[in-house]
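**Student:** Sharing work.txt here; it has compact mmCIF, C-alpha atoms and all ligand atoms.
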```
# COMPACT_ATOMS: atom_id res chain seq x y z
CA MET A 1 -29.84 -7.96 -0.52
CA ASN A 2 -26.62 -7.54 -2.41
CA PRO A 3 -27.47 -7.87 -6.17
CA LYS A 4 -24.30 -9.87 -6.91
CA ARG A 5 -25.22 -12.36 -4.17
CA GLU A 6 -28.77 -12.50 -5.47
CA ALA A 7 -27.54 -13.29 -8.99
CA ALA A 8 -25.32 -16.10 -7.66
CA LEU A 9 -28.21 -17.55 -5.64
CA TYR A 10 -30.52 -17.42 -8.66
CA ILE A 11 -27.98 -19.53 -10.57
CA ILE A 12 -27.55 -21.94 -7.65
CA ASN A 13 -31.33 -22.39 -7.34
CA LYS A 14 -31.74 -23.05 -11.03
CA LEU A 15 -29.01 -25.71 -11.01
CA GLU A 16 -30.44 -27.35 -7.92
CA GLU A 17 -33.98 -27.40 -9.35
CA ILE A 18 -32.84 -29.84 -12.00
CA GLY A 19 -30.91 -32.00 -9.61
CA PHE A 20 -27.37 -30.60 -9.59
CA GLU A 21 -25.39 -29.41 -6.59
CA ALA A 22 -24.24 -25.79 -6.56
CA TYR A 23 -22.56 -23.63 -3.92
CA LEU A 24 -21.02 -20.26 -3.29
CA VAL A 25 -17.27 -20.90 -2.98
CA GLY A 26 -13.93 -19.31 -2.24
CA GLY A 27 -13.37 -15.65 -1.44
CA CYS A 28 -17.06 -14.76 -1.07
CA VAL A 29 -17.63 -17.34 1.67
CA ARG A 30 -14.46 -16.20 3.46
CA ASP A 31 -15.47 -12.54 3.25
CA GLU A 32 -19.00 -13.17 4.49
CA VAL A 33 -17.66 -15.07 7.49
CA LEU A 34 -15.39 -12.07 8.12
CA LYS A 35 -18.30 -9.68 7.61
CA ARG A 36 -16.48 -8.06 4.71
CA LEU A 37 -18.18 -7.17 1.45
CA PRO A 38 -17.10 -9.76 -1.17
CA GLN A 39 -15.62 -8.43 -4.43
CA ASP A 40 -17.40 -11.08 -6.43
CA TYR A 41 -19.40 -14.26 -5.87
CA ASP A 42 -18.16 -17.49 -7.45
CA VAL A 43 -20.28 -20.60 -7.88
CA ALA A 44 -19.07 -24.22 -8.01
CA THR A 45 -21.26 -27.02 -9.31
CA ASN A 46 -21.18 -30.67 -10.31
CA ALA A 47 -22.93 -29.78 -13.59
CA LEU A 48 -20.59 -29.97 -16.58
CA PRO A 49 -19.77 -26.74 -18.46
CA GLN A 50 -21.88 -27.71 -21.49
CA LYS A 51 -24.85 -28.17 -19.19
CA VAL A 52 -24.30 -24.74 -17.62
CA LEU A 53 -24.03 -23.21 -21.11
CA SER A 54 -27.32 -24.75 -22.18
CA LEU A 55 -29.21 -23.90 -19.01
CA PHE A 56 -28.80 -20.11 -18.99
CA SER A 57 -29.66 -17.66 -21.73
CA ARG A 58 -26.68 -15.33 -21.37
CA THR A 59 -23.36 -17.10 -20.99
CA VAL A 60 -19.71 -16.63 -21.96
CA PRO A 61 -17.45 -19.69 -22.23
CA THR A 62 -14.66 -17.95 -20.28
CA GLY A 63 -12.47 -20.95 -19.55
CA LEU A 64 -14.11 -24.13 -20.77
CA LYS A 65 -10.86 -26.09 -20.43
CA HIS A 66 -10.87 -25.29 -16.74
CA GLY A 67 -14.62 -25.73 -16.43
CA THR A 68 -15.53 -22.05 -16.11
CA VAL A 69 -18.59 -20.50 -17.70
CA THR A 70 -19.60 -16.93 -16.95
CA VAL A 71 -23.35 -16.67 -16.53
CA ILE A 72 -24.79 -13.19 -16.85
CA HIS A 73 -27.91 -12.66 -14.80
CA GLN A 74 -29.51 -9.21 -14.74
CA ASN A 75 -26.28 -7.81 -16.17
CA ILE A 76 -24.19 -9.27 -13.36
CA PRO A 77 -21.49 -11.74 -14.49
CA ILE A 78 -21.03 -14.73 -12.19
CA GLU A 79 -18.31 -17.34 -12.73
CA VAL A 80 -19.72 -20.85 -12.54
CA THR A 81 -17.03 -23.54 -12.37
CA THR A 82 -17.48 -27.30 -12.51
CA PHE A 83 -15.96 -29.16 -9.54
CA ARG A 84 -12.46 -30.12 -10.61
CA THR A 85 -9.09 -31.33 -9.49
CA GLU A 86 -5.79 -30.06 -10.86
CA SER A 87 -2.50 -31.87 -11.28
CA ASP A 88 0.81 -31.87 -13.19
CA TYR A 89 1.61 -28.21 -12.86
CA GLN A 90 3.48 -27.14 -15.95
CA ASP A 91 6.28 -24.56 -15.54
CA PHE A 92 5.01 -23.79 -12.03
CA ARG A 93 2.01 -21.96 -13.41
CA HIS A 94 -0.69 -23.92 -15.14
CA PRO A 95 -2.01 -27.35 -14.30
CA ASN A 96 -1.43 -29.76 -17.19
CA LYS A 97 -4.34 -31.90 -16.18
CA VAL A 98 -7.75 -30.66 -15.12
CA GLU A 99 -10.24 -33.34 -14.24
CA PHE A 100 -13.90 -32.71 -13.57
CA VAL A 101 -15.12 -34.47 -10.44
CA SER A 102 -18.48 -34.86 -8.76
CA ILE A 103 -17.52 -34.27 -5.15
CA LEU A 104 -17.38 -30.81 -3.58
CA GLU A 105 -14.70 -31.85 -1.08
CA GLN A 106 -12.29 -32.67 -3.91
CA ASP A 107 -12.87 -29.33 -5.57
CA LEU A 108 -12.18 -27.49 -2.34
CA ALA A 109 -8.94 -29.46 -1.87
CA ARG A 110 -7.32 -27.78 -4.92
CA ARG A 111 -7.78 -24.30 -3.44
CA ASP A 112 -4.89 -22.37 -1.94
CA PHE A 113 -5.68 -21.58 1.68
CA THR A 114 -8.10 -23.09 4.19
CA MET A 115 -10.02 -19.80 4.45
CA ASN A 116 -10.54 -19.89 0.66
CA ALA A 117 -11.57 -23.55 0.62
CA MET A 118 -15.08 -23.30 2.02
CA ALA A 119 -18.46 -23.52 0.32
CA GLN A 120 -21.90 -22.33 1.31
CA ASP A 121 -25.22 -23.70 0.11
CA ARG A 122 -28.34 -21.66 -0.64
CA ASN A 123 -29.58 -22.11 2.93
CA GLY A 124 -26.44 -20.60 4.37
CA LYS A 125 -24.90 -23.90 5.54
CA ILE A 126 -21.10 -23.78 5.39
CA TYR A 127 -19.04 -26.74 4.18
CA ASP A 128 -15.62 -26.55 5.75
CA PHE A 129 -13.54 -29.69 5.28
CA TYR A 130 -10.12 -28.17 5.91
CA GLY A 131 -10.50 -26.07 9.04
CA GLY A 132 -11.13 -22.72 7.33
CA LEU A 133 -13.46 -21.41 10.04
CA THR A 134 -11.00 -22.14 12.86
CA ASP A 135 -8.17 -20.51 10.90
CA ILE A 136 -10.28 -17.44 10.16
CA GLN A 137 -11.04 -17.14 13.85
CA ALA A 138 -7.35 -17.41 14.69
CA GLY A 139 -6.43 -15.03 11.84
CA LEU A 140 -4.20 -17.62 10.20
CA ILE A 141 -3.21 -18.16 6.58
CA ARG A 142 -2.66 -21.90 6.14
CA THR A 143 -2.43 -23.89 2.92
CA VAL A 144 -4.87 -26.70 2.25
CA GLY A 145 -2.67 -29.77 2.68
CA ASN A 146 1.13 -29.87 2.61
CA PRO A 147 2.39 -26.29 2.15
CA GLU A 148 5.58 -27.29 0.33
CA GLU A 149 3.63 -29.29 -2.22
CA ARG A 150 1.05 -26.56 -2.65
CA PHE A 151 3.64 -23.80 -3.19
CA ALA A 152 5.65 -26.01 -5.54
CA GLU A 153 2.53 -26.52 -7.68
CA ASP A 154 1.91 -22.79 -7.98
CA PRO A 155 4.33 -20.34 -6.34
CA LEU A 156 1.90 -17.47 -6.94
CA ARG A 157 0.26 -18.75 -3.76
CA ILE A 158 3.31 -17.37 -1.91
CA VAL A 159 2.58 -13.86 -3.18
CA ARG A 160 -1.16 -14.36 -2.57
CA ALA A 161 -0.32 -15.19 1.06
CA ALA A 162 1.35 -11.78 1.40
CA ARG A 163 -1.66 -10.15 -0.26
CA PHE A 164 -4.10 -11.80 2.15
CA ALA A 165 -1.90 -10.80 5.10
CA ALA A 166 -2.35 -7.18 3.98
CA GLN A 167 -6.06 -7.44 3.13
CA LEU A 168 -7.17 -9.35 6.20
CA GLN A 169 -4.41 -8.54 8.70
CA PHE A 170 -3.85 -12.28 9.13
CA THR A 171 -0.54 -13.94 10.00
CA LEU A 172 1.12 -16.96 8.43
CA ASP A 173 0.77 -20.35 10.03
CA LYS A 174 4.22 -21.61 11.09
CA LYS A 175 4.54 -24.46 8.57
CA THR A 176 3.19 -22.27 5.77
CA LYS A 177 5.83 -19.68 6.63
CA GLN A 178 8.63 -22.25 6.70
CA ALA A 179 7.53 -23.56 3.31
CA ILE A 180 7.61 -20.04 1.88
CA HIS A 181 11.16 -19.64 3.13
CA LYS A 182 12.18 -22.90 1.47
CA LEU A 183 10.33 -22.54 -1.83
CA LYS A 184 10.57 -18.80 -2.49
CA PRO A 185 13.19 -19.33 -5.27
CA LEU A 186 10.41 -20.90 -7.37
CA CYS A 187 8.80 -17.47 -7.64
CA VAL A 188 11.30 -16.55 -10.38
CA HIS A 189 9.09 -18.58 -12.74
CA LEU A 190 6.06 -16.35 -12.18
CA SER A 191 4.91 -13.84 -14.74
CA ILE A 192 5.39 -10.15 -14.02
CA GLU A 193 1.69 -9.48 -14.65
CA ARG A 194 0.49 -11.92 -11.99
CA ILE A 195 2.91 -10.50 -9.41
CA ILE A 196 2.02 -6.89 -10.18
CA ALA A 197 -1.70 -7.75 -9.95
CA GLU A 198 -1.19 -9.14 -6.43
CA ILE A 199 0.90 -6.12 -5.37
CA GLU A 200 -1.87 -3.84 -6.69
CA LYS A 201 -4.25 -5.68 -4.35
CA ILE A 202 -1.81 -5.04 -1.49
CA TRP A 203 -2.00 -1.29 -2.24
CA GLN A 204 -5.80 -1.47 -1.85
CA SER A 205 -5.50 -3.17 1.54
CA ARG A 206 -5.98 -2.05 5.10
CA ALA A 207 -2.59 -3.17 6.37
CA ILE A 208 -0.24 -2.63 3.43
CA SER A 209 2.87 -2.97 5.59
CA SER A 210 1.87 -6.45 6.80
CA GLY A 211 1.89 -7.69 3.21
CA ILE A 212 4.91 -5.74 2.02
CA SER A 213 6.91 -6.83 5.07
CA LEU A 214 6.43 -10.43 3.97
CA LEU A 215 7.93 -9.54 0.59
CA PHE A 216 10.97 -7.85 2.12
CA GLU A 217 11.39 -10.15 5.11
CA ASP A 218 13.53 -13.06 4.18
CA ASP A 219 14.33 -11.29 0.86
CA LEU A 220 11.39 -12.87 -0.94
CA ILE A 221 11.27 -9.85 -3.26
CA ARG A 222 14.61 -10.87 -4.79
CA PHE A 223 12.82 -13.83 -6.35
CA LEU A 224 9.88 -11.87 -7.75
CA PRO A 225 10.08 -10.70 -11.36
CA PRO A 226 10.75 -7.93 -12.29
CA PHE A 227 12.48 -7.09 -8.98
CA THR A 228 14.97 -9.98 -9.13
CA HIS A 229 18.17 -8.14 -10.11
CA TRP A 230 17.49 -4.74 -8.66
CA GLU A 231 19.66 -3.12 -6.01
CA TYR A 232 18.11 -3.05 -2.59
CA GLN A 233 18.65 -1.29 0.62
CA LYS A 234 17.76 -3.45 3.58
CA ALA A 235 14.35 -2.06 4.50
CA THR A 236 13.82 -1.50 8.21
CA ARG A 237 10.55 -2.19 10.01
CA ALA A 238 10.05 1.57 10.48
CA GLN A 239 10.50 2.14 6.75
CA LEU A 240 8.02 -0.59 5.88
CA GLU A 241 5.42 0.66 8.35
CA LYS A 242 5.38 3.97 6.48
CA PHE A 243 3.49 2.24 3.66
CA ASP A 244 0.37 2.42 5.84
CA GLN A 245 0.38 6.24 5.77
CA LEU A 246 0.73 6.76 2.03
CA LYS A 247 -2.06 8.40 0.11
CA ASP A 248 -2.73 6.03 -2.76
CA ARG A 249 -1.31 3.35 -5.06
CA ILE A 250 0.79 5.84 -7.05
CA VAL A 251 2.62 6.93 -3.90
CA CYS A 252 2.96 3.27 -2.82
CA TRP A 253 4.64 2.40 -6.13
CA ALA A 254 6.91 5.46 -5.87
CA TYR A 255 7.91 4.55 -2.30
CA LEU A 256 8.53 0.93 -3.30
CA MET A 257 10.70 2.16 -6.18
CA ASN A 258 12.74 4.15 -3.72
CA LEU A 259 13.22 1.10 -1.48
CA CYS A 260 14.23 -1.18 -4.31
CA THR A 261 16.30 1.01 -6.57
CA ASN A 262 18.55 2.42 -3.88
CA GLY A 263 18.30 5.88 -5.38
CA SER A 264 19.73 4.75 -8.72
CA LYS A 265 19.09 6.80 -11.82
CA ASP A 266 17.23 4.21 -13.87
CA VAL A 267 13.91 4.39 -12.03
CA GLU A 268 12.08 4.95 -15.30
CA LEU A 269 13.59 1.88 -16.97
CA LYS A 270 12.66 -0.19 -13.94
CA LEU A 271 9.13 1.15 -13.91
CA LEU A 272 8.77 0.17 -17.55
CA GLN A 273 9.58 -3.42 -16.61
CA MET A 274 6.50 -3.50 -14.39
CA ARG A 275 4.27 -2.99 -17.45
CA LEU A 276 1.97 -0.53 -15.76
CA PRO A 277 -0.16 1.79 -17.91
CA ASN A 278 1.84 4.73 -19.21
CA ARG A 279 -0.30 7.23 -17.32
CA ASP A 280 0.58 5.52 -14.04
CA ILE A 281 4.28 5.44 -14.89
CA GLN A 282 4.25 9.18 -15.52
CA ALA A 283 2.41 9.87 -12.26
CA ILE A 284 4.81 7.63 -10.27
CA LEU A 285 7.86 9.32 -11.81
CA GLN A 286 6.44 12.76 -11.15
CA CYS A 287 5.78 11.88 -7.51
CA TYR A 288 9.18 10.23 -7.08
CA HIS A 289 11.25 13.10 -8.51
CA LEU A 290 9.26 15.83 -6.81
CA ALA A 291 9.66 14.12 -3.43
CA ILE A 292 13.34 13.20 -3.86
CA ASP A 293 14.18 16.84 -4.68
CA TRP A 294 11.77 18.33 -2.15
CA PRO A 295 13.21 21.78 -1.27
CA ALA A 296 13.99 22.71 2.33
CA GLU A 297 12.22 26.08 1.95
CA ILE A 298 9.35 26.86 -0.38
CA THR A 299 8.25 30.40 -1.14
CA GLU A 300 4.66 31.13 -2.09
CA GLU A 301 5.69 31.78 -5.68
CA HIS A 302 7.63 28.55 -5.96
CA GLY A 303 4.78 26.62 -4.32
CA LYS A 304 2.20 28.01 -6.71
CA LEU A 305 4.41 27.23 -9.70
CA MET A 306 4.73 23.65 -8.42
CA LEU A 307 0.94 23.45 -8.17
CA LEU A 308 0.51 24.78 -11.70
CA GLN A 309 2.91 22.21 -13.06
CA HIS A 310 1.84 19.14 -11.08
CA GLY A 311 -1.70 19.89 -9.93
CA TRP A 312 -2.97 19.59 -6.37
CA ILE A 313 -3.08 15.78 -6.45
CA GLY A 314 0.47 15.58 -7.83
CA VAL A 315 1.85 17.88 -5.13
CA GLN A 316 -0.14 16.17 -2.40
CA ARG A 317 1.25 12.78 -3.44
CA ALA A 318 4.78 14.21 -3.36
CA ILE A 319 4.18 15.59 0.16
CA PHE A 320 3.17 12.10 1.35
CA LEU A 321 6.22 10.52 -0.24
CA ALA A 322 8.64 13.22 0.93
CA THR A 323 7.28 12.72 4.46
CA ALA A 324 7.80 8.96 4.27
CA LEU A 325 11.34 9.62 3.03
CA GLY A 326 12.01 11.98 5.93
CA ARG A 327 12.40 15.06 3.71
CA ILE A 328 9.39 16.65 5.36
CA ALA A 329 9.17 16.35 9.13
CA VAL A 330 5.44 16.92 9.57
CA SER A 331 3.19 16.83 6.52
CA LYS A 332 -0.03 18.46 7.79
CA PRO A 333 1.14 22.14 7.91
CA ILE A 334 2.79 21.89 4.49
CA GLU A 335 -0.29 20.24 3.02
CA ALA A 336 -2.47 22.99 4.52
CA LYS A 337 -0.19 25.71 3.09
CA PHE A 338 -0.34 24.21 -0.41
CA GLN A 339 -4.08 23.79 -0.15
CA THR A 340 -4.51 27.47 0.67
CA TRP A 341 -2.27 28.45 -2.26
CA TRP A 342 -4.24 26.15 -4.55
CA GLN A 343 -7.52 27.73 -3.49
CA GLU A 344 -6.11 31.25 -3.84
CA MET A 345 -4.96 30.76 -7.40
CA PRO A 346 -7.54 32.41 -9.70
CA VAL A 347 -6.66 30.05 -12.56
CA LYS A 348 -5.21 26.56 -12.55
CA ARG A 349 -5.39 25.40 -16.15
CA LEU A 350 -4.89 26.92 -19.58
CA LYS A 351 -8.52 26.48 -20.50
CA GLU A 352 -9.50 28.81 -17.64
CA LEU A 353 -7.63 31.73 -19.25
CA GLN A 354 -9.88 34.30 -20.90
CA ILE A 355 -7.93 33.97 -24.16
CA ASN A 356 -6.79 31.00 -26.16
CA GLY A 357 -4.11 30.26 -28.75
CA ARG A 358 -6.24 31.45 -31.62
CA ASP A 359 -6.69 34.89 -30.01
CA LEU A 360 -2.93 35.27 -29.62
CA LEU A 361 -2.20 34.15 -33.17
CA LYS A 362 -4.61 36.76 -34.42
CA VAL A 363 -3.03 39.70 -32.59
CA LEU A 364 0.57 38.62 -33.10
CA GLN A 365 0.13 37.63 -36.75
CA LYS A 366 2.66 34.84 -36.44
CA PRO A 367 2.46 31.24 -37.62
CA ALA A 368 1.63 28.72 -34.90
CA GLY A 369 4.47 26.80 -33.25
CA PRO A 370 5.72 25.54 -29.92
CA TRP A 371 6.13 29.18 -28.81
CA LEU A 372 2.35 29.47 -28.52
CA LYS A 373 1.95 27.01 -25.65
CA GLU A 374 4.97 28.53 -23.89
CA LYS A 375 3.45 31.99 -24.14
CA LEU A 376 0.06 30.85 -22.89
CA ASN A 377 1.82 29.16 -19.97
CA GLU A 378 3.69 32.36 -19.14
CA LEU A 379 0.36 34.22 -19.08
CA LEU A 380 -1.20 31.47 -16.98
CA GLN A 381 1.61 31.78 -14.44
CA GLN A 382 1.19 35.54 -14.19
CA VAL A 383 -2.55 35.28 -13.64
CA ALA A 384 -2.13 32.39 -11.17
CA LEU A 385 0.42 34.42 -9.19
CA GLY A 386 -1.99 37.38 -9.09
CA ARG A 387 0.19 39.64 -11.24
CA LEU A 388 -2.23 39.97 -14.10
CA PRO A 389 -6.03 40.02 -14.16
CA ASN A 390 -7.73 37.24 -16.09
CA GLU A 391 -9.24 39.71 -18.59
CA ARG A 392 -9.06 39.42 -22.37
CA GLU A 393 -7.58 42.87 -22.99
CA ASP A 394 -4.93 42.62 -20.30
CA LEU A 395 -3.95 39.18 -21.46
CA LEU A 396 -3.63 40.19 -25.12
CA LYS A 397 -1.62 43.29 -24.18
CA GLU A 398 0.70 41.27 -21.97
CA GLY A 399 0.95 38.61 -24.69
CA CYS A 400 2.32 41.21 -27.13
CA LYS A 401 4.68 42.52 -24.48
CA ILE A 402 6.16 39.12 -23.73
CA ASP A 403 6.49 38.55 -27.44
CA ALA A 404 8.39 41.81 -27.92
CA LEU A 405 10.76 40.79 -25.14
CA HIS A 406 11.47 37.43 -26.75
CA SER A 407 11.90 38.58 -30.33
P1 LIG B 501 -10.57 -11.54 -3.86
O1 LIG B 501 -11.40 -11.13 -2.73
O2 LIG B 501 -9.38 -10.67 -4.05
O3 LIG B 501 -11.32 -11.80 -5.15
P2 LIG B 501 -10.39 -14.43 -3.75
O4 LIG B 501 -10.03 -15.34 -2.62
O5 LIG B 501 -11.80 -14.47 -4.23
O6 LIG B 501 -9.95 -12.96 -3.35
P3 LIG B 501 -9.65 -15.01 -6.44
O7 LIG B 501 -8.33 -14.77 -7.10
O8 LIG B 501 -10.84 -14.28 -6.91
O9 LIG B 501 -9.39 -14.76 -4.90
O10 LIG B 501 -9.90 -16.58 -6.53
C1 LIG B 501 -11.14 -17.20 -6.16
C2 LIG B 501 -10.85 -18.51 -5.43
O11 LIG B 501 -10.15 -19.40 -6.29
C3 LIG B 501 -9.98 -18.39 -4.19
O12 LIG B 501 -10.71 -18.04 -3.04
C4 LIG B 501 -9.39 -19.77 -4.11
O13 LIG B 501 -10.31 -20.68 -3.56
C5 LIG B 501 -9.17 -20.12 -5.56
N1 LIG B 501 -7.84 -19.73 -6.07
C6 LIG B 501 -7.49 -18.59 -6.71
N2 LIG B 501 -6.21 -18.58 -7.04
C7 LIG B 501 -5.71 -19.75 -6.64
C8 LIG B 501 -4.42 -20.36 -6.71
N3 LIG B 501 -3.39 -19.73 -7.28
N4 LIG B 501 -4.28 -21.59 -6.18
C9 LIG B 501 -5.33 -22.25 -5.63
N5 LIG B 501 -6.55 -21.73 -5.51
C10 LIG B 501 -6.75 -20.51 -6.01
MG MG B 502 -12.57 -13.36 -5.95
```
Go ahead and express the file in the form of structure tokens.
**Tutor:**
Amino acid sequence: MNPKREAALYIINKLEEIGFEAYLVGGCVRDEVLKRLPQDYDVATNALPQKVLSLFSRTVPTGLKHGTVTVIHQNIPIEVTTFRTESDYQDFRHPNKVEFVSILEQDLARRDFTMNAMAQDRNGKIYDFYGGLTDIQAGLIRTVGNPEERFAEDPLRIVRAARFAAQLQFTLDKKTKQAIHKLKPLCVHLSIERIIAEIEKIWQSRAISSGISLLFEDDLIRFLPPFTHWEYQKATRAQLEKFDQLKDRIVCWAYLMNLCTNGSKDVELKLLQMRLPNRDIQAILQCYHLAIDWPAEITEEHGKLMLLQHGWIGVQRAIFLATALGRIAVSKPIEAKFQTWWQEMPVKRLKELQINGRDLLKVLQKPAGPWLKEKLNELLQQVALGRLPNEREDLLKEGCKIDALHS
């Protein structure tokens, strides 16, 4: 059996042994019904957090105010949350009042969508008070209770709906969709981090375009920080469907940037607003610029120099993006050509050269400086292009020659 599931069931059994109720809840029940592998297993119980803390040897009080204790069993962390209701949502984000309750049905009522509001006991019996199973069968995303009230409490649920549409290829129930249309302006109150986290989950999904279309349809994206004041082109269905053919999340971000910056020059500033890790920002910018300026003709030499500068993954990402942007008609032959060039290149990185900076300093008798990296790169290019063997003597001789030319 799945070790995460086993850990959750161990916890459920232990709580039940001493007379409490405990269930698997939320996403894991939904995913098991759908025969998908759950990301994580969450447990809900009528035991109070202090009880949960005292019952297990390894625990972390992750969110005591909200009734959540993380129990670590055989190195697997499982979130155990006391049944609760939520009310008085402050600034459209956090409930002001969290009340612990003793009835499972009430706990499930606070959850966002019917498919996420089911529980399962240790014998596999499913508790479905809000029609989750029927909606899963029909492939429908429907809020638990009145959709307008539920989105007004926490507008992140609007973005989560788009994320689930992408992950599960589900469609929106009619009233849920109408409520999104009406309440989308509330999304301006959401934090950038929560929105970006949901979009990241869209990038990991099977049907990216189904989720992204919901963001662009009806201009929902105009209400999502940080995209609120950006310039948009009206994205067509064909443009949005291209998201499904992109290689990875970096290319998805780069393509999204193209759709929502309308080719403006401040892509970097806008990327910074998304608060992604710096490494990702650099990779997205690299992909974006390489694809935007994709040349009509590429010689072998130019192609190999591109590979040296951006690496195979960097060039491959740019090919995907340039294809989505219509700058490359058919990607496969170009990808194959670059792959052959990449394999042909005898060296790809400086550390593969048979000499290093210290060797050059010794023969040239010059103090170190930025020139050293430049020179090593020139040698790397020559070896990569097959113009110079990767042999110590040849490299040192050529190094002196280049130096004579420059001085
Ligand atoms: P994933 O597979 O991505 O983990 P999930 O459905 O498990 O999806 P989580 O964010 O892990 O989503 O949340 C766990 C459960 O908590 C959900 O299934 C849902 O029941 C509830 N939940 C999470 N976020 C909200 C929210 N904003 N409003 C109401 N209920 C929520
Ligand atoms: Mg989850």
**Student:** Using all atoms listed in the file, find each protein or nucleic acid residue lying at most 8 Å from ligand LIG 501 (chain B); present the set as a list of chain:residue names.
**Tutor:**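 Using all atoms listed in the file, everything at most 8 Å from ligand LIG 501 (chain B) comes to A:Val25, A:Gly26, A:Gly27, A:Cys28, A:Arg30, A:Asp31, A:Pro38, A:Gln39, A:Asp40, A:Tyr41, A:Asp42, A:Leu108, A:Arg110, A:Arg111, A:Asp112, A:Phe113, A:Met115, A:Asn116, A:Ala117, A:Met118, A:Asp154, A:Pro155, A:Leu156, A:Arg157, A:Arg160, A:Lys201.
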**Student:** Kindly indicate which residue among A:Gln273, A:Ile78, A:Gly314, A:Ile141 lies nearest to ligand MG 502 (chain B), using all atoms listed in the file for the distances.
**Tutor:**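 Looking at the shortest contact to ligand MG 502 (chain B), the residue is A:Ile78.
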**Student:** Please list as an NGL selection string every residue within 8 Å of A:Arg58, counting all atoms listed in the file and excluding residues in the same chain fewer than 4 positions away.
**Tutor:** :A and (71-73)
**Student:** Counting all atoms listed in the file, which residues sit no farther than 7 Å from the position (-7.1, -29.5, -9.1) in the file's frame? I'd like them as an MDAnalysis selection string.
**Tutor:** chainID A and resid 84:87 98 107 110
**Student:** Limited to C-alpha atoms, could you put the picked residues into a file as a short mmCIF file (atom, residue, chain, number, x, y, z; two decimals), keeping the file's coordinate frame?
**Tutor:**
```cif
data_model
loop_
_atom_site.label_atom_id
_atom_site.label_comp_id
_atom_site.auth_asym_id
_atom_site.auth_seq_id
_atom_site.Cartn_x
_atom_site.Cartn_y
_atom_site.Cartn_z
CA ARG A 84 -12.46 -30.12 -10.61
CA THR A 85 -9.09 -31.33 -9.49
CA GLU A 86 -5.79 -30.06 -10.86
CA SER A 87 -2.50 -31.87 -11.28
CA VAL A 98 -7.75 -30.66 -15.12
CA ASP A 107 -12.87 -29.33 -5.57
CA ARG A 110 -7.32 -27.78 -4.92
#
```
**Student:** So that I can see what lies close to A:Gln74, please list as a PDB file with C-alpha atoms, keeping the file's coordinate frame the residues with an atom at most 10 Å from it, counting all atoms listed in the file and leaving out residues fewer than 3 positions away in the same chain.
**Tutor:**
```pdb
ATOM      1  CA  PRO A   3     -27.470  -7.870  -6.170  1.00  0.00           C
ATOM      2  CA  LYS A   4     -24.300  -9.870  -6.910  1.00  0.00           C
ATOM      3  CA  GLU A   6     -28.770 -12.500  -5.470  1.00  0.00           C
ATOM      4  CA  ALA A   7     -27.540 -13.290  -8.990  1.00  0.00           C
ATOM      5  CA  ARG A  58     -26.680 -15.330 -21.370  1.00  0.00           C
ATOM      6  CA  VAL A  71     -23.350 -16.670 -16.530  1.00  0.00           C
ATOM      7  CA  PRO A  77     -21.490 -11.740 -14.490  1.00  0.00           C
TER       8      PRO A  77
END
```
**Student:** For A:Lys125, work out the shell of residues within 12 Å, counting only C-alpha atoms and skipping chain neighbours fewer than 4 positions away, then give it as a PyMOL selection string.
**Tutor:** chain A and resi 23-25+29+33+118-121
**Student:** Which residue, A:Leu376, A:Leu140, A:Leu321, A:Ile212, has the smallest gap to A:Val159 when you use only C-alpha atoms?
**Tutor:**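 Closest residue, counting only C-alpha atoms: A:Ile212.
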